[in-house]
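Visitor: I'd like to ask some things about the structure below.
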Protein chains: 2
Amino acid sequence: MARAATTLDVFNAVAEPRRREILDVLGDGRERAVSEVVEAVGLPQPSVSKHLSVLLKVGVVTVTRNGQMRMYRLNGNNLKPVYDWAKTFEQYWTHQLDRIKERAEQKMLHRRPDNNNQEES
Amino acid sequence: MARAATTLDVFNAVAEPRRREILDVLGDGRERAVSEVVEAVGLPQPSVSKHLSVLLKVGVVTVTRNGQMRMYRLNGNNLKPVYDWAKTFEQYWTHQLDRIKERAEQKMLHRRPDNNNQEES
DNA sequence: TTGACATATTCCTATATAGGAATATTATCG
DNA sequence: CGATAATATTCCTATATAGGAATATGTCAA
């Protein structure tokens, strides 16, 4: 099987740096024409359209017609799953020396003292 | 160009649901042998080893040798970029009716009343 | 040493891009 | 209608998987 489609879910969609950049541009909640996004991110128009298409399919943005322009607007709510998942690990950068290490070290005390070598990939 | 490597950064690495699942298993900070992870997630051992390899390359987990076992441990700090990025949009699910819509609607008042049609993909 | 156990790695394949180039589509205007 | 502007879509290609199967590597124990 190949890698999952970028349009499968938000996680796959935002794995692309350019797409996150686009979302950042739309971050203020104001709608923007494709051309505005193009200028903001400095990518070719077809590329931006494709990225917006992906973002649209996962529901992170919405579109509105305005004459010959298409106004894209961020639909931030659909980024919540990413936030929620990441927040699960919040303790790791919040309390460095508290619960985590404490628990891990306590765990070590219950083991027999074995050689504990670090290694590289 | 093809899609970026899953080992390029954390965003690409965690785009895979199985890998997030593995990280969830390691979420308590305790180290675990591959076999324990295998049992926890119910995937074939080679698959788990490969996923762990990806997670290791982006630094989200660390390894330690313990006899013939390899103990993997979550390195939660490296998930912070995901959290930080997602947190940027926190307002979208925190205050639904406050700043965002307010600003967007204010913006609309400064425009000429044009047809504002929603559309589907 | 030999065998059993724990993991990693290699092969192979179907699939999905992302980017660039060119073109199609749709709407506005005179 | 014809030209122009704004976007989307199509083609093409190089690349990177995930998953399954089989195998290699490394370690411990008797």
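Chain labels A, B, ... are given in the sequence in which chains occur in the structure tokens; within each chain residues are numbered consecutively from 1, and ligands are likewise numbered from 1 in the order shown.
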Considering only C-alpha atoms (C1' of nucleotides), return as number ranges by chain whatever protein or nucleic-acid residues lie within 9 Å of DT17 of chain C, sequence-local ones (same chain, fewer than 2 positions apart) excluded.
Guide: A: 5-6; B: 1-4; C: 15; D: 15-16
Visitor: Env of segment 78-95 of chain B: 7 Å cut, atoms = only C-alpha atoms (C1' of nucleotides), seq-sep filter 2 positions within chain, self excluded. Answer as number ranges by chain.
Guide: A: 76-77, 79, 82-83, 86-87; B: 10-11, 59-60, 75-76, 97-98
Visitor: With 10 Å as the cut-off and only C-alpha atoms (C1' of nucleotides) counted, what is the closest atom pair between each nearby residue of chain B and chain C? Distances in Å to one decimal, ordered by chain and number, as CSV.
Guide:
residue,atom,partner,partner_atom,distance
B:Met1,CA,C:DA18,C1',4.9
B:Ala2,CA,C:DA18,C1',5.2
B:Arg3,CA,C:DT17,C1',5.2
B:Ala4,CA,C:DA18,C1',8.5
B:Ala33,CA,C:DA6,C1',9.0
B:Val34,CA,C:DT7,C1',7.6
B:Ser35,CA,C:DA6,C1',7.6
B:Gln45,CA,C:DT7,C1',8.1
B:Pro46,CA,C:DA8,C1',7.6
B:Val48,CA,C:DT7,C1',9.9
B:Ser49,CA,C:DA8,C1',7.0
B:Lys50,CA,C:DA8,C1',8.3
B:Ser53,CA,C:DA8,C1',9.3
B:Gly67,CA,C:DA6,C1',9.3
B:Gln68,CA,C:DA6,C1',5.8
B:Met69,CA,C:DA6,C1',5.8
B:Arg70,CA,C:DT7,C1',7.7
Visitor: Next, the residues of the selection above should be written as a compact mmCIF listing (two decimals), in the first residue's frame with C-alpha atoms.
Guide:
# COMPACT_ATOMS: atom_id res chain seq x y z
CA MET B 1 8.68 16.20 -7.11
CA ALA B 2 7.13 13.51 -4.95
CA ARG B 3 5.75 13.96 -1.51
CA ALA B 4 8.23 14.83 1.19
CA ALA B 33 10.15 -3.18 24.06
CA VAL B 34 9.14 -3.53 20.45
CA SER B 35 7.20 -6.64 21.32
CA GLN B 45 6.41 -6.73 14.16
CA PRO B 46 8.21 -5.65 10.98
CA VAL B 48 6.08 -1.67 14.01
CA SER B 49 9.85 -1.70 13.64
CA LYS B 50 9.58 0.36 10.49
CA SER B 53 12.39 3.71 12.78
CA GLY B 67 19.74 -7.33 26.15
CA GLN B 68 18.13 -8.58 23.04
CA MET B 69 15.36 -6.09 23.42
CA ARG B 70 15.22 -2.50 22.32
Visitor: Pull out every residue of chain D that has at least one atom within 10 Å of chain A, counting only C-alpha atoms (C1' of nucleotides), and report them as a VMD selection string.
Guide: chain D and resid 5 to 9 16 to 20
Visitor: So that I have them on file, write out the residues from the current selection with N, CA and C atoms (P, O5', C5', C4', C3', O3' and C1' of nucleotides), as a PDB file, in the first residue's frame.
Guide:
ATOM      1  P    DA D   5      -5.254  41.218 -18.629  1.00  0.00           P
ATOM      2  O5'  DA D   5      -6.065  40.720 -17.361  1.00  0.00           O
ATOM      3  C5'  DA D   5      -7.223  41.439 -16.939  1.00  0.00           C
ATOM      4  C4'  DA D   5      -7.976  40.625 -15.902  1.00  0.00           C
ATOM      5  C3'  DA D   5      -7.062  39.921 -14.895  1.00  0.00           C
ATOM      6  O3'  DA D   5      -7.655  40.011 -13.600  1.00  0.00           O
ATOM      7  C1'  DA D   5      -8.392  38.320 -16.011  1.00  0.00           C
ATOM      8  P    DA D   6      -6.856  39.473 -12.361  1.00  0.00           P
ATOM      9  O5'  DA D   6      -7.603  38.098 -12.072  1.00  0.00           O
ATOM     10  C5'  DA D   6      -8.980  38.113 -11.751  1.00  0.00           C
ATOM     11  C4'  DA D   6      -9.422  36.731 -11.302  1.00  0.00           C
ATOM     12  C3'  DA D   6      -8.427  36.022 -10.371  1.00  0.00           C
ATOM     13  O3'  DA D   6      -9.166  35.312  -9.388  1.00  0.00           O
ATOM     14  C1'  DA D   6      -8.766  34.720 -12.308  1.00  0.00           C
ATOM     15  P    DT D   7      -8.412  34.696  -8.127  1.00  0.00           P
ATOM     16  O5'  DT D   7      -8.663  33.157  -8.368  1.00  0.00           O
ATOM     17  C5'  DT D   7      -8.688  32.670  -9.674  1.00  0.00           C
ATOM     18  C4'  DT D   7      -9.473  31.378  -9.727  1.00  0.00           C
ATOM     19  C3'  DT D   7      -8.799  30.229  -8.988  1.00  0.00           C
ATOM     20  O3'  DT D   7      -9.784  29.339  -8.476  1.00  0.00           O
ATOM     21  C1'  DT D   7      -8.698  29.876 -11.342  1.00  0.00           C
ATOM     22  P    DA D   8      -9.343  27.972  -7.799  1.00  0.00           P
ATOM     23  O5'  DA D   8      -9.538  26.927  -8.995  1.00  0.00           O
ATOM     24  C5'  DA D   8     -10.756  26.940  -9.728  1.00  0.00           C
ATOM     25  C4'  DA D   8     -10.745  25.836 -10.777  1.00  0.00           C
ATOM     26  C3'  DA D   8     -10.303  24.469 -10.269  1.00  0.00           C
ATOM     27  O3'  DA D   8     -11.155  23.488 -10.855  1.00  0.00           O
ATOM     28  C1'  DA D   8      -8.894  25.147 -12.045  1.00  0.00           C
ATOM     29  P    DT D   9     -10.937  21.973 -10.452  1.00  0.00           P
ATOM     30  O5'  DT D   9     -10.162  21.439 -11.731  1.00  0.00           O
ATOM     31  C5'  DT D   9     -10.570  21.891 -13.021  1.00  0.00           C
ATOM     32  C4'  DT D   9      -9.774  21.168 -14.089  1.00  0.00           C
ATOM     33  C3'  DT D   9      -9.317  19.761 -13.719  1.00  0.00           C
ATOM     34  O3'  DT D   9      -9.551  18.915 -14.833  1.00  0.00           O
ATOM     35  C1'  DT D   9      -7.462  21.050 -14.371  1.00  0.00           C
ATOM     36  P    DA D  16      12.859  10.307  -2.509  1.00  0.00           P
ATOM     37  O5'  DA D  16      11.755   9.925  -1.442  1.00  0.00           O
ATOM     38  C5'  DA D  16      10.633  10.777  -1.253  1.00  0.00           C
ATOM     39  C4'  DA D  16       9.464   9.961  -0.748  1.00  0.00           C
ATOM     40  C3'  DA D  16       9.893   8.812   0.176  1.00  0.00           C
ATOM     41  O3'  DA D  16       9.071   8.800   1.331  1.00  0.00           O
ATOM     42  C1'  DA D  16       8.509   8.011  -1.546  1.00  0.00           C
ATOM     43  P    DT D  17       9.595   8.132   2.638  1.00  0.00           P
ATOM     44  O5'  DT D  17       9.596   6.596   2.232  1.00  0.00           O
ATOM     45  C5'  DT D  17       8.642   5.718   2.768  1.00  0.00           C
ATOM     46  C4'  DT D  17       7.244   6.214   2.449  1.00  0.00           C
ATOM     47  C3'  DT D  17       6.208   5.302   3.014  1.00  0.00           C
ATOM     48  O3'  DT D  17       5.074   6.074   3.434  1.00  0.00           O
ATOM     49  C1'  DT D  17       6.079   5.259   0.654  1.00  0.00           C
ATOM     50  P    DA D  18       4.647   5.888   4.861  1.00  0.00           P
ATOM     51  O5'  DA D  18       3.412   4.938   4.475  1.00  0.00           O
ATOM     52  C5'  DA D  18       2.799   4.204   5.346  1.00  0.00           C
ATOM     53  C4'  DA D  18       2.086   3.064   4.684  1.00  0.00           C
ATOM     54  C3'  DA D  18       2.166   1.903   5.647  1.00  0.00           C
ATOM     55  O3'  DA D  18       0.889   1.346   5.765  1.00  0.00           O
ATOM     56  C1'  DA D  18       3.090   1.262   3.539  1.00  0.00           C
ATOM     57  P    DG D  19       0.619   0.395   6.918  1.00  0.00           P
ATOM     58  O5'  DG D  19       0.586  -1.022   6.189  1.00  0.00           O
ATOM     59  C5'  DG D  19      -0.057  -1.097   4.928  1.00  0.00           C
ATOM     60  C4'  DG D  19       0.202  -2.449   4.316  1.00  0.00           C
ATOM     61  C3'  DG D  19       0.504  -3.541   5.332  1.00  0.00           C
ATOM     62  O3'  DG D  19      -0.183  -4.717   4.954  1.00  0.00           O
ATOM     63  C1'  DG D  19       2.279  -3.386   3.785  1.00  0.00           C
ATOM     64  P    DG D  20      -0.251  -5.899   5.980  1.00  0.00           P
ATOM     65  O5'  DG D  20       0.392  -7.075   5.109  1.00  0.00           O
ATOM     66  C5'  DG D  20       0.080  -7.154   3.722  1.00  0.00           C
ATOM     67  C4'  DG D  20       0.947  -8.204   3.080  1.00  0.00           C
ATOM     68  C3'  DG D  20       1.319  -9.344   4.019  1.00  0.00           C
ATOM     69  O3'  DG D  20       1.284 -10.580   3.315  1.00  0.00           O
ATOM     70  C1'  DG D  20       3.286  -8.266   3.252  1.00  0.00           C
TER      71       DG D  20
END
Visitor: Atom CA of Arg32 of chain A to atom CA of Pro17 of chain A: how many Å, to one decimal?
Guide: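 Atom-to-atom, atom CA of Arg32 of chain A and atom CA of Pro17 of chain A are spaced 19.3 Å apart.
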Visitor: I'd like the contact shell of Gly27 of chain A - 10 Å cut-off, only C-alpha atoms (C1' of nucleotides), skipping same-chain residues fewer than 2 positions apart - returned as a short mmCIF file (atom, residue, chain, number, x, y, z; two decimals) with N, CA and C atoms, in the first residue's frame.
Guide:
data_model
loop_
_atom_site.label_atom_id
_atom_site.label_comp_id
_atom_site.auth_asym_id
_atom_site.auth_seq_id
_atom_site.Cartn_x
_atom_site.Cartn_y
_atom_site.Cartn_z
N ARG A 20 0.67 24.45 5.21
CA ARG A 20 0.63 25.13 6.52
C ARG A 20 0.86 26.62 6.33
N GLU A 21 1.74 26.92 5.38
CA GLU A 21 2.01 28.33 5.10
C GLU A 21 0.74 29.03 4.63
N ILE A 22 0.04 28.37 3.76
CA ILE A 22 -1.21 28.94 3.24
C ILE A 22 -2.21 29.14 4.38
N LEU A 23 -2.28 28.14 5.25
CA LEU A 23 -3.19 28.27 6.39
C LEU A 23 -2.78 29.41 7.29
N ASP A 24 -1.48 29.61 7.40
CA ASP A 24 -0.99 30.72 8.22
C ASP A 24 -1.44 32.04 7.62
N VAL A 25 -1.37 32.11 6.31
CA VAL A 25 -1.80 33.34 5.64
C VAL A 25 -3.27 33.61 5.92
N GLY A 29 -8.50 34.84 9.64
CA GLY A 29 -9.93 34.63 9.48
C GLY A 29 -10.57 35.41 8.34
N ARG A 30 -9.78 36.25 7.72
CA ARG A 30 -10.34 37.00 6.59
C ARG A 30 -10.28 36.15 5.33
N GLU A 31 -11.26 36.31 4.50
CA GLU A 31 -11.26 35.56 3.25
C GLU A 31 -10.30 36.22 2.27
N ARG A 73 -11.48 30.97 2.81
CA ARG A 73 -11.45 31.39 4.19
C ARG A 73 -11.09 30.19 5.08
N LEU A 74 -10.33 30.46 6.07
CA LEU A 74 -9.93 29.40 6.99
C LEU A 74 -11.11 28.88 7.78
N ASN A 75 -11.17 27.57 7.91
CA ASN A 75 -12.16 26.95 8.79
C ASN A 75 -11.40 26.27 9.92
N GLY A 76 -10.98 27.11 10.83
CA GLY A 76 -10.05 26.67 11.86
C GLY A 76 -10.50 25.50 12.73
N THR B 88 -1.79 27.99 17.30
CA THR B 88 -1.98 29.26 16.60
C THR B 88 -3.43 29.50 16.24
N PHE B 89 -4.15 28.41 16.02
CA PHE B 89 -5.53 28.53 15.58
C PHE B 89 -6.52 28.26 16.72
N TYR B 92 -10.08 29.53 17.21
CA TYR B 92 -11.19 29.07 16.37
C TYR B 92 -12.14 28.13 17.09
N ILE B 100 -13.03 36.30 15.88
CA ILE B 100 -12.93 35.92 14.48
C ILE B 100 -14.11 36.39 13.65
#
Visitor: So what do you get for atom CA of Ser47 of chain A versus atom CA of Leu26 of chain A, distance-wise?
Guide: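 Between atom CA of Ser47 of chain A and atom CA of Leu26 of chain A the gap is 16.4 Å.
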Visitor: Can you measure atom CA of Val58 of chain A to atom CA of Val61 of chain B for me? One decimal in Å is fine.
Guide: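 Taking atom CA of Val58 of chain A and atom CA of Val61 of chain B, their separation equals 28.6 Å.
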